[in-house]
>>> print(open('entry26.tsv').read())   # TSV, C-alpha atoms
chain	number	residue	atom	x	y	z
T	197	MET	CA	18.93	6.69	153.04
T	198	ARG	CA	22.00	7.75	154.99
T	199	ALA	CA	25.04	9.40	153.38
T	200	SER	CA	27.38	6.60	154.48
T	201	GLU	CA	25.15	4.10	152.63
T	202	ASN	CA	25.35	6.12	149.39
T	203	MET	CA	29.05	6.91	149.28
T	204	GLY	CA	32.35	5.67	150.58
T	205	ILE	CA	34.08	7.94	153.08
T	206	VAL	CA	37.88	7.71	153.27
T	207	PHE	CA	40.13	9.38	155.83
T	208	VAL	CA	42.93	10.42	153.44
T	209	GLU	CA	45.26	12.63	155.49
T	210	LYS	CA	45.45	13.27	159.24
T	211	PRO	CA	44.97	16.82	160.52
T	212	SER	CA	48.50	18.07	161.22
T	213	ASP	CA	51.29	20.37	160.12
T	214	LYS	CA	52.69	19.07	156.82
T	215	ALA	CA	55.82	21.27	156.89
T	216	GLY	CA	59.03	19.63	155.83
T	217	ALA	CA	58.89	16.77	153.36
T	218	GLY	CA	55.31	17.43	152.24
T	219	PHE	CA	52.64	14.75	152.33
T	220	THR	CA	51.21	11.78	150.47
T	221	GLY	CA	47.61	10.83	151.20
T	222	GLU	CA	45.98	7.41	151.32
T	223	SER	CA	45.73	5.83	147.86
T	224	ILE	CA	42.16	5.17	146.70
T	225	SER	CA	40.94	2.72	144.08
T	226	MET	CA	38.28	4.15	141.80
T	227	ALA	CA	37.54	0.72	140.28
T	228	LYS	CA	34.17	0.46	142.07
T	229	TYR	CA	33.21	4.16	142.05
T	230	ARG	CA	32.32	6.67	139.35
T	231	HIS	CA	33.25	9.91	141.13
T	232	ILE	CA	35.49	11.21	143.91
T	233	CYS	CA	35.27	14.42	145.92
T	234	TYR	CA	38.26	15.37	148.08
T	235	ILE	CA	37.58	17.85	150.88
T	236	LEU	CA	40.71	19.65	152.06
T	237	GLN	CA	40.46	21.79	155.17
T	238	PHE	CA	43.33	24.15	155.83
T	239	GLY	CA	44.37	25.73	159.10
T	240	ALA	CA	47.26	28.14	159.34
T	241	ILE	CA	49.45	28.25	156.24
T	242	THR	CA	52.57	30.37	155.95
T	243	GLY	CA	54.37	28.51	153.15
T	244	ASN	CA	53.33	27.54	149.64
T	245	CYS	CA	52.90	23.95	148.45
T	246	VAL	CA	52.19	22.30	145.07
T	247	LEU	CA	49.25	19.86	145.10
T	248	THR	CA	48.87	16.98	142.63
T	249	VAL	CA	46.45	14.08	142.18
T	250	LYS	CA	48.25	11.20	140.49
T	251	SER	CA	46.90	7.95	139.14
T	252	GLY	CA	48.62	4.59	139.01
T	253	ALA	CA	48.00	0.94	138.24
T	254	SER	CA	48.17	-0.17	141.90
T	255	ASP	CA	48.07	1.09	145.48
T	256	GLY	CA	50.66	3.80	146.14
T	257	VAL	CA	51.88	4.04	142.55
T	258	GLN	CA	51.93	7.65	141.25
T	259	THR	CA	52.42	7.50	137.47
T	260	THR	CA	50.31	10.26	135.87
T	261	SER	CA	49.34	13.72	137.14
T	262	GLU	CA	45.61	13.87	136.45
T	263	THR	CA	43.74	17.07	135.66
T	264	PHE	CA	41.24	17.71	138.45
T	265	HIS	CA	38.40	20.17	138.96
T	266	TYR	CA	38.52	22.39	142.04
T	267	ARG	CA	36.84	25.28	143.80
T	268	LEU	CA	37.78	27.21	146.90
T	269	ALA	CA	35.60	28.53	149.71
T	270	ASP	CA	34.85	32.24	149.38
T	271	ALA	CA	35.95	33.01	152.94
T	272	GLU	CA	37.88	31.65	155.90
T	273	GLN	CA	36.29	29.24	158.37
T	274	ALA	CA	33.59	30.84	160.55
T	275	ALA	CA	33.15	33.83	158.21
T	276	ALA	CA	29.75	34.51	156.64
T	277	ALA	CA	30.72	33.20	153.16
T	278	ALA	CA	32.77	30.18	154.31
T	279	ASP	CA	30.10	27.81	152.99
T	280	SER	CA	29.95	29.24	149.47
T	281	TYR	CA	32.50	28.48	146.79
T	282	GLY	CA	34.12	30.18	143.82
T	283	ASP	CA	33.90	29.10	140.19
T	284	TRP	CA	35.23	25.74	139.04
T	285	ALA	CA	38.76	25.65	137.64
T	286	ASP	CA	41.00	22.84	136.38
T	287	SER	CA	44.59	21.97	137.22
T	288	SER	CA	47.05	19.09	137.24
T	289	SER	CA	49.45	20.92	139.56
T	290	LEU	CA	47.87	23.47	141.90
T	291	THR	CA	50.04	25.88	143.90
T	292	LEU	CA	48.52	26.38	147.33
T	293	THR	CA	49.57	29.90	148.22
T	294	ALA	CA	49.38	30.75	151.89
T	295	ALA	CA	47.59	34.06	151.37
T	296	THR	CA	44.83	32.40	149.31
T	297	TYR	CA	44.22	29.05	151.07
T	298	ASP	CA	44.85	29.94	154.75
T	299	ASN	CA	41.92	28.67	156.92
T	300	LYS	CA	39.71	27.76	153.93
T	301	THR	CA	38.12	24.65	152.43
T	302	LEU	CA	39.14	23.38	148.99
T	303	ILE	CA	36.99	20.94	147.01
T	304	ILE	CA	38.62	18.70	144.37
T	305	GLU	CA	36.56	16.41	142.11
T	306	LEU	CA	37.21	13.84	139.37
T	307	ASP	CA	35.17	11.29	137.46
T	308	SER	CA	36.56	7.77	136.98
T	309	ASP	CA	36.22	8.07	133.20
T	310	GLU	CA	38.61	11.07	133.26
T	311	LEU	CA	41.48	8.96	134.62
T	312	THR	CA	44.29	7.54	132.50
T	313	ALA	CA	43.27	4.09	131.18
T	314	GLY	CA	44.51	1.21	133.32
T	315	GLN	CA	45.33	3.48	136.27
T	316	PRO	CA	42.36	3.33	138.70
T	317	TRP	CA	44.33	4.23	141.86
T	318	LEU	CA	44.47	7.90	142.95
T	319	THR	CA	46.96	9.46	145.36
T	320	ILE	CA	46.79	13.10	146.41
T	321	ALA	CA	50.12	14.63	147.43
T	322	GLY	CA	51.73	17.94	148.33
T	323	SER	CA	55.31	19.03	147.70
T	324	ALA	CA	57.79	19.92	150.40
T	325	VAL	CA	57.13	23.16	152.23
T	326	GLY	CA	59.39	24.85	154.76
T	327	ASN	CA	56.70	26.60	156.78
T	328	PRO	CA	53.52	25.46	158.52
T	329	LEU	CA	50.90	23.88	156.25
T	330	ASN	CA	48.10	22.65	158.50
T	331	LEU	CA	45.57	20.49	156.69
T	332	SER	CA	43.33	17.44	156.76
T	333	ILE	CA	41.77	15.55	153.84
T	334	VAL	CA	38.66	13.37	153.53
T	335	ALA	CA	37.41	11.80	150.30
T	336	LEU	CA	33.80	11.06	149.39
T	337	LEU	CA	33.45	8.23	146.86
T	338	CYS	CA	30.23	8.79	144.98
T	339	GLU	CA	28.10	6.71	142.66
T	340	PRO	CA	29.25	3.19	143.52
T	341	ARG	CA	29.12	0.85	140.53
T	342	TYR	CA	27.32	-1.73	142.70
T	343	GLY	CA	24.95	-0.61	145.48
T	344	ALA	CA	25.32	-2.12	148.95
T	345	HIS	CA	24.47	-1.44	152.58
T	346	ASP	CA	28.20	-1.07	153.27
T	347	MET	CA	30.17	0.62	150.55
T	348	PRO	CA	32.93	-1.49	148.95
T	349	THR	CA	36.41	-0.78	150.24
T	350	ALA	CA	38.62	1.45	148.12
T	351	ILE	CA	41.87	1.33	150.12
>>> encode(input="entry26.tsv", output="structure tokens")
Amino acid sequence: MRASENMGIVFVEKPSDKAGAGFTGESISMAKYRHICYILQFGAITGNCVLTVKSGASDGVQTTSETFHYRLADAEQAAAAADSYGDWADSSSLTLTAATYDNKTLIIELDSDELTAGQPWLTIAGSAVGNPLNLSIVALLCEPRYGAHDMPTAI
């Protein structure tokens, strides 16, 4: 079976420089999925940013900062260890320091049953940053509650 028939794939944030006001990604409903995996790919970063994943009762509502699980690539893109990742850690407010995240991939994961009750919508966001913060985000929605040839929409 193909990956796109086993999980939903959501384009959360366009690849671009997020300097200035920060960013707010596409809101995703976890009502029909058991697990989400955000893949954040960073380009050049010279300023720090604070990353949160917030839940809410409806699309775009950001009520509660959820604790998420994350791990960072061991090396920058194209380096020998760029496809291996460090140990899992947890956070509800992760500071993305330029020296640490520059040109790396960050994986963020959550289970639906970890979310605040009655708040199935997730929105990933980054605080304002004055310097370049180049990034793109894709989400993989895993373990659909109801199997189908086409995954149920989550946006």
>>> residues_near_point(input="entry26.tsv", point="(46.8, 24.8, 136.7)", cutoff="12 Å", atoms="only C-alpha atoms", output="PyMOL selection string")
chain T and resi 246-248+261-266+284-292
>>> atom_distance(input="entry26.tsv", atom1="atom CA of T:Asp283", atom2="atom CA of T:Ile304")
12.2 Å
>>> residues_around(input="entry26.tsv", residues="T:Gly221", least_positions_apart="3", cutoff="9 Å", atoms="all atoms listed in the file", output="number ranges by chain")
T: 207-210, 319-322, 333
>>> write_last_selection(input="entry26.tsv", atoms="C-alpha atoms", output="CSV table (one decimal), in the frame of the given file")
chain,number,residue,atom,x,y,z
T,207,PHE,CA,40.1,9.4,155.8
T,208,VAL,CA,42.9,10.4,153.4
T,209,GLU,CA,45.3,12.6,155.5
T,210,LYS,CA,45.4,13.3,159.2
T,319,THR,CA,47.0,9.5,145.4
T,320,ILE,CA,46.8,13.1,146.4
T,321,ALA,CA,50.1,14.6,147.4
T,322,GLY,CA,51.7,17.9,148.3
T,333,ILE,CA,41.8,15.6,153.8
>>> residues_near_point(input="entry26.tsv", point="(39.6, 19.6, 153.4)", cutoff="9 Å", atoms="all atoms listed in the file", output="JSON, numbers by chain")
{"T": [234, 235, 236, 237, 238, 300, 301, 302, 303, 331, 332, 333, 334, 335]}
>>> atom_distance(input="entry26.tsv", atom1="atom CA of T:Thr349", atom2="atom CA of T:Glu310")
20.8 Å
>>> atom_distance(input="entry26.tsv", atom1="atom CA of T:Ala277", atom2="atom CA of T:Phe219")
28.7 Å
>>> closest_residue(input="entry26.tsv", among="T:Glu222, T:Trp317, T:Glu305, T:Leu268", to="T:Leu336", atoms="all atoms listed in the file")
T:Glu305
>>> closest_residue(input="entry26.tsv", among="T:Asp307, T:Lys214, T:Ala274, T:Cys338", to="T:Gly243", atoms="all atoms listed in the file")
T:Lys214
>>> closest_residue(input="entry26.tsv", among="T:Ser308, T:Ser200, T:Gln315, T:Asn330", to="T:Lys228", atoms="all atoms listed in the file")
T:Ser308
>>> closest_residue(input="entry26.tsv", among="T:Ser280, T:Thr296, T:Ser223, T:Ser254", to="T:Leu318", atoms="all atoms listed in the file")
T:Ser223
>>> closest_residue(input="entry26.tsv", among="T:Asn244, T:Asn202, T:Gln273, T:Ser323", to="T:Ala295", atoms="all atoms listed in the file")
T:Asn244
>>> closest_residue(input="entry26.tsv", among="T:Val249, T:Ala324, T:Ala294, T:Ala275", to="T:Ile232", atoms="only C-alpha atoms")
T:Val249
